[in-house]
Amino acid sequence: MGKCLLKFQNLQLLEYFAVMPELPEVETTARALSQPLVGRTVTGMWNDWPKHLATPILPEFRHRIVGKRFHSVGRRGKYLVFHLDEPETMLVHLKMSGHLAVVPGVEPASKHVHTLFELDNGDELRFRDTRKFGRVYLLQDPQTVLGKLGPEPLSDTFTPDVFYTMLRRRKRILKPLLLDQTFLAGVGNIYADEALHFAAVRPTRISNTLSSSESEALHAGIQKALNLGISREGASIDNYRKPDGSMGSMQNVLVAYGRAGEPCNRCGGIIEKIVLGSRSTHFCPQCQV
DNA sequence: ACCGGAGCCTGTTAGC
DNA sequence: TGCTAACAGGCTCCGG
């Protein structure tokens with residue numbers, strides 16, 4: 001306990017954060033950034049890791065974004081979507097370890113902050129990214145990136161019927177298919193395992209072999225897992241934190257992910273961990289059929 | 001159409 | 001105790 005606390009305080013101090021952001025974590029980030037960002041104007045930009053900038057490169061990025069005002073902060077799949085003054089839209093993908101926060105410019109920055117935007121009130125939007133997988137885009141037509149994504153799993157148009165049709169059109173192993181962002185946007189490794197467990201469907205099943213009732217159960221499971229994740233403000237596994245540094249609580253109610261060897265909360269079977277599509281996959285071999 | 005593997009990264013942890 | 005190697009994982013690219 002003491003060690004745990006010390007470790008946590010250390011993390012807070014050093015701003016050492018890794019993240020596994022999926023839809024709920026990105027949604028939590030978007031909601032937290034909206035208030036401090038909307039209405040602010042960018043006055044400067046700094047970057048020390050060129051690969052962070054997917055497009056364009058720094059001089060042009062800075063030239064186009066300075067003077068632009070934030071109109072809204074949203075999300076599409078796992079992308080954060082910042083609508084700026086016409087015609088610019090900025091996208092940020094946090095990938096594995098990205099973290100965004102708006103903080104007073106006088107606060108010391110972590111060494112893992114590699115991209116930073118100065119705002120007209122003295123605050124800064126800081127992109128901290130330990131593993132440097134994250135990417136930032138400044139686009140006039142965000143559809144060039146977002147257009148490749150599959151449907152939003154929480155939208156009104158993503159109905160059980162639509163999902164059943166999507167599954168029948170493919171012949172792929174379920175788990176990797178759910179992680180395919182062109183198939184469905186926003187589901188990652190944690191929530192895929194949770195959704196499949198809720199639905200009592202085995203992750204190794206082939207997509208076009210699901211019955212309509214199994215498909216319906218999986219549709220419900222996906223929405224249940226994601227909504228739970230949003231209401232609990234994300235899963236703070238490893239070092240994920242909300243923009244203000246506090247923890248989400250989804251990790252406390254996981255039923256499959258990270259529970260290998262522990263009893264299934266539905267049937268008492270032992271949760272198994274396998275590798276599927278080179279991703280760790282957790283499921284109950286007893287009740288997920 | 002689908003699958004598997006490499007590569008991008010670095011902090012953490014398992015193993016010797 | 002101290003070192004190294006494996007691991008984590010979203011996504012893209014490549015070859016089969």
# chains A, B, ... in the order shown; residues from 1 in each chain; ligands from 1
call {"tool": "interface_residues", "arguments": {"of": "chain A", "to": "chain C", "cutoff": "8 Å", "atoms": "only C-alpha atoms (C1' of nucleotides)", "output": "ChimeraX atom specification"}}
result
/A:20,95-96,279
call {"tool": "interface_residues", "arguments": {"of": "chain B", "to": "chain A", "cutoff": "9 Å", "atoms": "only C-alpha atoms (C1' of nucleotides)", "output": "JSON, numbers by chain"}}
result
{"B": [1, 2, 3, 4, 8, 9, 10, 11]}
call {"tool": "atom_distance", "arguments": {"atom1": "atom CA of A:Val136", "atom2": "atom CA of A:Ile237"}}
result
23.9 Å
call {"tool": "atom_distance", "arguments": {"atom1": "atom CA of A:Ser249", "atom2": "atom CA of A:Leu149"}}
result
27.7 Å
call {"tool": "select_by_dssp", "arguments": {"residues": "stretch 4-147 of chain A", "states": "strand (DSSP E or B)", "output": "PyMOL selection string"}}
result
chain A and resi 41-47+53-55+69-76+79-84+89-93+98-104+113-119+123-129+135-139
call {"tool": "atom_distance", "arguments": {"atom1": "atom CA of A:Glu22", "atom2": "atom CA of A:Val289"}}
result
25.6 Å
call {"tool": "residues_around", "arguments": {"residues": "stretch 59-64 of chain A", "least_positions_apart": "4", "cutoff": "8 Å", "atoms": "only C-alpha atoms (C1' of nucleotides)", "output": "PyMOL selection string"}}
result
chain A and resi 44-45+55+68+88+138
call {"tool": "select_by_dssp", "arguments": {"residues": "stretch 12-175 of chain A", "states": "alpha helix (DSSP H)", "output": "ChimeraX atom specification"}}
result
/A:12-14,23-37,58-65,143-146,160-169,174-175
call {"tool": "write_last_selection", "arguments": {"atoms": "C-alpha atoms", "output": "compact mmCIF listing (two decimals), in the first residue's frame"}}
result
# COMPACT_ATOMS: atom_id res chain seq x y z
CA GLN A 12 1.83 12.64 -10.42
CA LEU A 13 4.98 14.62 -9.78
CA LEU A 14 6.90 13.50 -12.81
CA LEU A 23 -13.24 5.41 -27.35
CA PRO A 24 -14.23 6.07 -23.70
CA GLU A 25 -10.81 7.48 -22.79
CA VAL A 26 -10.78 9.72 -25.87
CA GLU A 27 -14.36 10.82 -25.16
CA THR A 28 -13.39 11.64 -21.57
CA THR A 29 -10.45 13.66 -22.85
CA ALA A 30 -12.59 15.56 -25.35
CA ARG A 31 -15.18 16.47 -22.71
CA ALA A 32 -12.50 17.67 -20.30
CA LEU A 33 -10.74 19.81 -22.90
CA SER A 34 -13.82 21.55 -24.23
CA GLN A 35 -14.31 24.04 -21.41
CA PRO A 36 -10.73 25.30 -21.15
CA LEU A 37 -10.19 25.32 -24.92
CA LEU A 58 6.23 22.39 -38.29
CA PRO A 59 6.71 25.70 -40.10
CA GLU A 60 3.52 25.33 -42.11
CA PHE A 61 1.60 23.86 -39.16
CA ARG A 62 2.53 26.82 -36.98
CA HIS A 63 1.81 29.35 -39.71
CA ARG A 64 -1.65 27.94 -40.32
CA ILE A 65 -2.74 27.41 -36.70
CA GLN A 143 -12.55 13.44 -44.02
CA THR A 144 -9.32 12.45 -45.73
CA VAL A 145 -8.46 10.78 -42.41
CA LEU A 146 -11.81 10.26 -40.69
CA PRO A 160 -28.45 -4.30 -34.34
CA ASP A 161 -29.63 -4.92 -37.91
CA VAL A 162 -26.82 -2.85 -39.37
CA PHE A 163 -24.30 -4.71 -37.23
CA TYR A 164 -25.65 -8.11 -38.22
CA THR A 165 -25.28 -7.18 -41.88
CA MET A 166 -21.73 -5.96 -41.26
CA LEU A 167 -20.81 -9.25 -39.59
CA ARG A 168 -22.35 -11.39 -42.30
CA ARG A 169 -20.46 -9.57 -45.03
CA LEU A 174 -14.26 -11.75 -34.33
CA LYS A 175 -11.71 -10.18 -32.02
call {"tool": "decode", "arguments": {"residues": "chain C", "atoms": "N, CA and C atoms (P, O5', C5', C4', C3', O3' and C1' of nucleotides)", "output": "PDB file, in the first residue's frame"}}
result
ATOM      1  P    DT C   1      18.650  -5.708  -2.343  1.00  0.00           P
ATOM      2  O5'  DT C   1      19.724  -5.596  -3.511  1.00  0.00           O
ATOM      3  C5'  DT C   1      21.089  -5.496  -3.170  1.00  0.00           C
ATOM      4  C4'  DT C   1      21.864  -5.655  -4.446  1.00  0.00           C
ATOM      5  C3'  DT C   1      21.521  -4.617  -5.530  1.00  0.00           C
ATOM      6  O3'  DT C   1      22.732  -4.097  -6.048  1.00  0.00           O
ATOM      7  C1'  DT C   1      21.284  -6.798  -6.396  1.00  0.00           C
ATOM      8  P    DG C   2      22.734  -2.968  -7.154  1.00  0.00           P
ATOM      9  O5'  DG C   2      22.825  -3.857  -8.469  1.00  0.00           O
ATOM     10  C5'  DG C   2      24.055  -4.498  -8.802  1.00  0.00           C
ATOM     11  C4'  DG C   2      23.958  -4.955 -10.240  1.00  0.00           C
ATOM     12  C3'  DG C   2      23.421  -3.879 -11.193  1.00  0.00           C
ATOM     13  O3'  DG C   2      24.128  -3.949 -12.425  1.00  0.00           O
ATOM     14  C1'  DG C   2      22.047  -5.782 -11.309  1.00  0.00           C
ATOM     15  P    DC C   3      24.117  -2.732 -13.430  1.00  0.00           P
ATOM     16  O5'  DC C   3      23.726  -3.457 -14.793  1.00  0.00           O
ATOM     17  C5'  DC C   3      24.575  -4.488 -15.290  1.00  0.00           C
ATOM     18  C4'  DC C   3      23.734  -5.560 -15.943  1.00  0.00           C
ATOM     19  C3'  DC C   3      22.910  -5.075 -17.132  1.00  0.00           C
ATOM     20  O3'  DC C   3      23.677  -5.212 -18.324  1.00  0.00           O
ATOM     21  C1'  DC C   3      21.714  -6.651 -15.752  1.00  0.00           C
ATOM     22  P    DT C   4      23.071  -4.640 -19.710  1.00  0.00           P
ATOM     23  O5'  DT C   4      22.145  -5.833 -20.218  1.00  0.00           O
ATOM     24  C5'  DT C   4      22.625  -7.170 -20.182  1.00  0.00           C
ATOM     25  C4'  DT C   4      21.487  -8.110 -20.569  1.00  0.00           C
ATOM     26  C3'  DT C   4      20.768  -7.717 -21.863  1.00  0.00           C
ATOM     27  O3'  DT C   4      20.556  -8.885 -22.644  1.00  0.00           O
ATOM     28  C1'  DT C   4      19.206  -7.869 -20.090  1.00  0.00           C
ATOM     29  P    DA C   5      20.030  -8.798 -24.137  1.00  0.00           P
ATOM     30  O5'  DA C   5      18.574  -9.430 -24.005  1.00  0.00           O
ATOM     31  C5'  DA C   5      18.404 -10.654 -23.302  1.00  0.00           C
ATOM     32  C4'  DA C   5      16.925 -10.956 -23.176  1.00  0.00           C
ATOM     33  C3'  DA C   5      16.140 -10.714 -24.460  1.00  0.00           C
ATOM     34  O3'  DA C   5      15.207 -11.764 -24.625  1.00  0.00           O
ATOM     35  C1'  DA C   5      15.294  -9.330 -22.720  1.00  0.00           C
ATOM     36  P    DA C   6      14.274 -11.845 -25.903  1.00  0.00           P
ATOM     37  O5'  DA C   6      12.841 -11.675 -25.219  1.00  0.00           O
ATOM     38  C5'  DA C   6      12.554 -12.364 -24.013  1.00  0.00           C
ATOM     39  C4'  DA C   6      11.307 -11.781 -23.386  1.00  0.00           C
ATOM     40  C3'  DA C   6      10.155 -11.569 -24.368  1.00  0.00           C
ATOM     41  O3'  DA C   6       8.973 -12.094 -23.786  1.00  0.00           O
ATOM     42  C1'  DA C   6      10.604  -9.561 -23.181  1.00  0.00           C
ATOM     43  P    DC C   7       7.639 -12.169 -24.641  1.00  0.00           P
ATOM     44  O5'  DC C   7       6.856 -10.891 -24.111  1.00  0.00           O
ATOM     45  C5'  DC C   7       6.760 -10.677 -22.709  1.00  0.00           C
ATOM     46  C4'  DC C   7       6.089  -9.349 -22.452  1.00  0.00           C
ATOM     47  C3'  DC C   7       4.984  -8.999 -23.461  1.00  0.00           C
ATOM     48  O3'  DC C   7       3.757  -8.905 -22.757  1.00  0.00           O
ATOM     49  C1'  DC C   7       6.425  -7.145 -23.042  1.00  0.00           C
ATOM     50  P    DA C   8       2.372  -9.051 -23.531  1.00  0.00           P
ATOM     51  O5'  DA C   8       1.823  -7.567 -23.486  1.00  0.00           O
ATOM     52  C5'  DA C   8       1.686  -6.896 -22.248  1.00  0.00           C
ATOM     53  C4'  DA C   8       1.531  -5.421 -22.510  1.00  0.00           C
ATOM     54  C3'  DA C   8       0.639  -5.135 -23.713  1.00  0.00           C
ATOM     55  O3'  DA C   8      -0.649  -4.748 -23.257  1.00  0.00           O
ATOM     56  C1'  DA C   8       2.651  -3.786 -23.725  1.00  0.00           C
ATOM     57  P    DG C   9      -1.915  -5.259 -24.044  1.00  0.00           P
ATOM     58  O5'  DG C   9      -2.009  -4.174 -25.200  1.00  0.00           O
ATOM     59  C5'  DG C   9      -2.156  -2.804 -24.854  1.00  0.00           C
ATOM     60  C4'  DG C   9      -1.826  -1.975 -26.068  1.00  0.00           C
ATOM     61  C3'  DG C   9      -2.512  -2.464 -27.364  1.00  0.00           C
ATOM     62  O3'  DG C   9      -3.143  -1.366 -27.992  1.00  0.00           O
ATOM     63  C1'  DG C   9      -0.241  -2.103 -27.715  1.00  0.00           C
ATOM     64  P    DG C  10      -4.584  -1.571 -28.605  1.00  0.00           P
ATOM     65  O5'  DG C  10      -4.603  -0.393 -29.677  1.00  0.00           O
ATOM     66  C5'  DG C  10      -4.548   0.964 -29.232  1.00  0.00           C
ATOM     67  C4'  DG C  10      -4.331   1.868 -30.426  1.00  0.00           C
ATOM     68  C3'  DG C  10      -5.133   1.502 -31.662  1.00  0.00           C
ATOM     69  O3'  DG C  10      -5.423   2.721 -32.348  1.00  0.00           O
ATOM     70  C1'  DG C  10      -2.818   1.179 -32.107  1.00  0.00           C
ATOM     71  P    DC C  11      -6.335   2.664 -33.653  1.00  0.00           P
ATOM     72  O5'  DC C  11      -5.276   2.511 -34.830  1.00  0.00           O
ATOM     73  C5'  DC C  11      -4.374   3.576 -35.082  1.00  0.00           C
ATOM     74  C4'  DC C  11      -3.285   3.083 -36.011  1.00  0.00           C
ATOM     75  C3'  DC C  11      -3.758   2.532 -37.354  1.00  0.00           C
ATOM     76  O3'  DC C  11      -3.514   3.534 -38.322  1.00  0.00           O
ATOM     77  C1'  DC C  11      -1.870   1.377 -36.457  1.00  0.00           C
ATOM     78  P    DT C  12      -3.917   3.292 -39.863  1.00  0.00           P
ATOM     79  O5'  DT C  12      -2.508   3.000 -40.553  1.00  0.00           O
ATOM     80  C5'  DT C  12      -1.393   3.799 -40.207  1.00  0.00           C
ATOM     81  C4'  DT C  12      -0.159   3.245 -40.897  1.00  0.00           C
ATOM     82  C3'  DT C  12      -0.411   2.777 -42.329  1.00  0.00           C
ATOM     83  O3'  DT C  12       0.662   3.246 -43.136  1.00  0.00           O
ATOM     84  C1'  DT C  12       0.536   1.016 -41.071  1.00  0.00           C
ATOM     85  P    DC C  13       0.515   3.167 -44.732  1.00  0.00           P
ATOM     86  O5'  DC C  13       1.609   2.086 -45.109  1.00  0.00           O
ATOM     87  C5'  DC C  13       2.908   2.164 -44.533  1.00  0.00           C
ATOM     88  C4'  DC C  13       3.632   0.847 -44.714  1.00  0.00           C
ATOM     89  C3'  DC C  13       3.438   0.213 -46.101  1.00  0.00           C
ATOM     90  O3'  DC C  13       4.706  -0.094 -46.652  1.00  0.00           O
ATOM     91  C1'  DC C  13       3.002  -1.363 -44.392  1.00  0.00           C
ATOM     92  P    DC C  14       4.833  -0.458 -48.197  1.00  0.00           P
ATOM     93  O5'  DC C  14       5.175  -2.013 -48.149  1.00  0.00           O
ATOM     94  C5'  DC C  14       6.238  -2.477 -47.313  1.00  0.00           C
ATOM     95  C4'  DC C  14       6.108  -3.971 -47.161  1.00  0.00           C
ATOM     96  C3'  DC C  14       5.811  -4.708 -48.465  1.00  0.00           C
ATOM     97  O3'  DC C  14       6.914  -5.524 -48.804  1.00  0.00           O
ATOM     98  C1'  DC C  14       4.449  -5.490 -46.655  1.00  0.00           C
ATOM     99  P    DG C  15       6.937  -6.224 -50.243  1.00  0.00           P
ATOM    100  O5'  DG C  15       6.639  -7.730 -49.849  1.00  0.00           O
ATOM    101  C5'  DG C  15       7.399  -8.361 -48.832  1.00  0.00           C
ATOM    102  C4'  DG C  15       6.730  -9.682 -48.468  1.00  0.00           C
ATOM    103  C3'  DG C  15       6.393 -10.560 -49.680  1.00  0.00           C
ATOM    104  O3'  DG C  15       6.756 -11.895 -49.368  1.00  0.00           O
ATOM    105  C1'  DG C  15       4.449 -10.187 -48.380  1.00  0.00           C
ATOM    106  P    DG C  16       6.531 -13.082 -50.415  1.00  0.00           P
ATOM    107  O5'  DG C  16       5.287 -13.832 -49.787  1.00  0.00           O
ATOM    108  C5'  DG C  16       5.396 -14.397 -48.473  1.00  0.00           C
ATOM    109  C4'  DG C  16       4.111 -15.132 -48.160  1.00  0.00           C
ATOM    110  C3'  DG C  16       3.623 -16.055 -49.280  1.00  0.00           C
ATOM    111  O3'  DG C  16       3.193 -17.281 -48.696  1.00  0.00           O
ATOM    112  C1'  DG C  16       1.918 -14.530 -48.711  1.00  0.00           C
TER     113       DG C  16
END
